[in-house]
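**Q** Can you keep this structure in mind? I'll have questions shortly.
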Amino acid sequence: MPWPEKLSSVAAFAVPGFALWLPSGYSYGAVLLLIGALCTLHRWPRKAPQTGVFTWWFAASLLCMAVIWIAQADPSEQLGRADRPIKYFLGAICLFYVTVFPPQAKALLTGLVVGCLGAGAIALWEVVGQGDARASGGTNAIQYGNLALCMAAMLALYGGALWSQLSRARRALGLLAVAAALNASVLSQSRGGWLALLLALPLALVWLYFHRRDMFRVIGFSMLTVVAVVVALNSGSMLKRFDIMEQEMHTYDQRGDAQSSVGQRLEHWRFAWSTVRERPLLGWGFKGYMEEKAKRVAAGQYGESIAEYKFVHHEFLDQWVKLGITGPLVLLLFYALPFAMFLPLKRRMHSYQRDVERGMHALALRLCGCCVPVLYVGFGLTQVFFAHNSGIMFYVFMLMLLWASLCRLEAQLNALPAPHPR
């Protein structure tokens, strides 16, 4: 391979492989892509990506996200206001580079295995070895647990697609890695992640039932067994977290106590929904949102616990209350576009029979590309995940690497002769 493609493959390994091993580990692969894009600036702009219109749409969605984060930036952050938008701008540059010089799919798979094992090992060390209450990987426990869950789901789908081609040792290693990352999510005690899993797991099983019924029982049983084992090993802490959640909900409902984690979120949502209905089209802007919240809290209409927070703890409501209807529409496009890109429709997979191994890798990439936005929708129900560096970097760069790898594989498959009809 030319060196830019080798660099893309290293980045494809590094984004998931280092994501939770190292502080801001998901950024190492992104930096490699940016270096490659700058070093080949005289080459890739001359080559239109051979990946169809979806690459341009994805780049446009990245730029739209940059604009809406500029529009709702906190003026007091000064230069820090550019932190989130610049990631989307640079992501668009890296997208064009990586689609011209795409990585190998196996690099992504290896990175997912290493990343899942690392997440599980660090979580066990923190909780069992150091006695910490929650696994956090040296960062925020919620982001840590959510990304661990996302990688576990992606690896489960990838391994499921390749199941018939894997040796027993590789199957065992894959199941161990999935269980390790799921356990990291549980040890982080991020309840929003568990909610996201409830959204994603049924969709995966339904897809298997209708499209790979021959493997539905084996893969479905394996996935449910791993989840059951992880839950059984951590049943005490999980039940305790659910009891706390139930108690906090009851306290908020009875006394309006917004000091707890759940009560604060419910109070945020109540305030946001009230203000959204007053200005549904244009929104309040960041300054107007904070000023109106401070005024109503001072008047005793809402609890003081929400006054200092900049975000609503709900992705759609946060965009809507600040930017009006434009915010959630752009966010919806950002979630929905990967489905349009990756959805494994039959007409898209007509060439997969030409080479079974490559075809199954391509199918796995499509399933992973659909999995990421589903889980992010779940994460966003209780947190503004795109307000965090980890949420932006993993979503943007993981999806672009999946897309570039998929386009590389499908170009190779389309170049092969069609199988002789039987």
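Following the order of the structure tokens, chains are lettered A, B, ..., residues in each are numbered from 1, and ligands are numbered from 1.
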At a cut-off of 9 Å, using only C-alpha atoms, what residues contact Leu337 of chain A? Leave out same-chain residues fewer than 3 positions from it and give the result as a list of chain:residue names.
**A** A:Phe54, A:Trp57, A:Phe58, A:Ser61, A:Leu332, A:Leu333, A:Phe334, A:Ala340, A:Met341, A:Phe342
**Q** If you run DSSP on the backbone, which residues of segment 29-218 of chain A are alpha helix (DSSP H), as number ranges by chain?
**A** A: 29-39, 53-71, 83-100, 105-124, 141-161, 168-188, 191-211, 213-218
**Q** Kindly assemble as a tab-separated table a list of the segment 179-205 of chain A residues that lie within 7 Å of segment 145-167 of chain A, each paired with its nearest atom pair and their distance in Å to one decimal, using only C-alpha atoms, sorted first by chain and then by ascending residue number.
**A**
```
residue	atom	partner	partner_atom	distance
A:Ala181	CA	A:Ala148	CA	5.1
A:Leu182	CA	A:Leu149	CA	5.6
A:Ala184	CA	A:Gly145	CA	6.2
A:Ser185	CA	A:Gly145	CA	4.0
A:Ser188	CA	A:Gly145	CA	5.2
A:Ser190	CA	A:Gly145	CA	5.9
A:Gly193	CA	A:Asn146	CA	5.1
```
**Q** Quote the spacing between atom CA of Glu126 of chain A and atom CA of Gly17 of chain A in Å to one decimal place.
**A**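 That distance, rounded to one decimal, is 19.2 Å.
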**Q** Tell me, as a PDB file with N, CA and C atoms, in the first residue's frame, which residues lie within 12 Å of Glu278 of chain A, counting only C-alpha atoms; anything in the same chain fewer than 6 positions away does not count.
**A**
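So part.pdb came out as:
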```
ATOM      1  N   PHE A 271     -37.712  22.814  32.770  1.00  0.00           N
ATOM      2  CA  PHE A 271     -37.433  24.195  32.396  1.00  0.00           C
ATOM      3  C   PHE A 271     -37.248  24.331  30.875  1.00  0.00           C
ATOM      4  N   ALA A 272     -36.476  23.415  30.277  1.00  0.00           N
ATOM      5  CA  ALA A 272     -36.197  23.507  28.841  1.00  0.00           C
ATOM      6  C   ALA A 272     -37.478  23.391  28.023  1.00  0.00           C
ATOM      7  N   TRP A 284     -33.628  30.753  22.275  1.00  0.00           N
ATOM      8  CA  TRP A 284     -33.238  31.814  23.190  1.00  0.00           C
ATOM      9  C   TRP A 284     -31.781  32.227  23.021  1.00  0.00           C
ATOM     10  N   TYR A 289     -30.776  31.966  27.163  1.00  0.00           N
ATOM     11  CA  TYR A 289     -31.117  30.755  27.934  1.00  0.00           C
ATOM     12  C   TYR A 289     -30.616  30.860  29.368  1.00  0.00           C
ATOM     13  N   GLU A 292     -32.560  33.712  31.294  1.00  0.00           N
ATOM     14  CA  GLU A 292     -33.942  33.337  31.621  1.00  0.00           C
ATOM     15  C   GLU A 292     -33.972  32.288  32.717  1.00  0.00           C
ATOM     16  N   TRP A 320     -32.627  22.689  20.836  1.00  0.00           N
ATOM     17  CA  TRP A 320     -33.895  23.364  20.532  1.00  0.00           C
ATOM     18  C   TRP A 320     -34.053  24.647  21.343  1.00  0.00           C
ATOM     19  N   VAL A 321     -33.762  24.564  22.647  1.00  0.00           N
ATOM     20  CA  VAL A 321     -34.005  25.723  23.493  1.00  0.00           C
ATOM     21  C   VAL A 321     -33.049  26.875  23.152  1.00  0.00           C
ATOM     22  N   LYS A 322     -31.872  26.557  22.632  1.00  0.00           N
ATOM     23  CA  LYS A 322     -30.899  27.609  22.338  1.00  0.00           C
ATOM     24  C   LYS A 322     -30.982  28.107  20.900  1.00  0.00           C
ATOM     25  N   GLY A 324     -33.614  27.168  18.545  1.00  0.00           N
ATOM     26  CA  GLY A 324     -34.891  27.001  17.870  1.00  0.00           C
ATOM     27  C   GLY A 324     -34.925  25.701  17.093  1.00  0.00           C
TER      28      GLY A 324
END
```
**Q** Give me the residues within 9 Å of Thr55 of chain A as JSON, numbers by chain, counting only C-alpha atoms and dropping any in the same chain fewer than 2 places off.
**A** {"A": [49, 50, 51, 52, 53, 57, 58, 59, 60, 95, 96, 99, 341, 400, 403]}
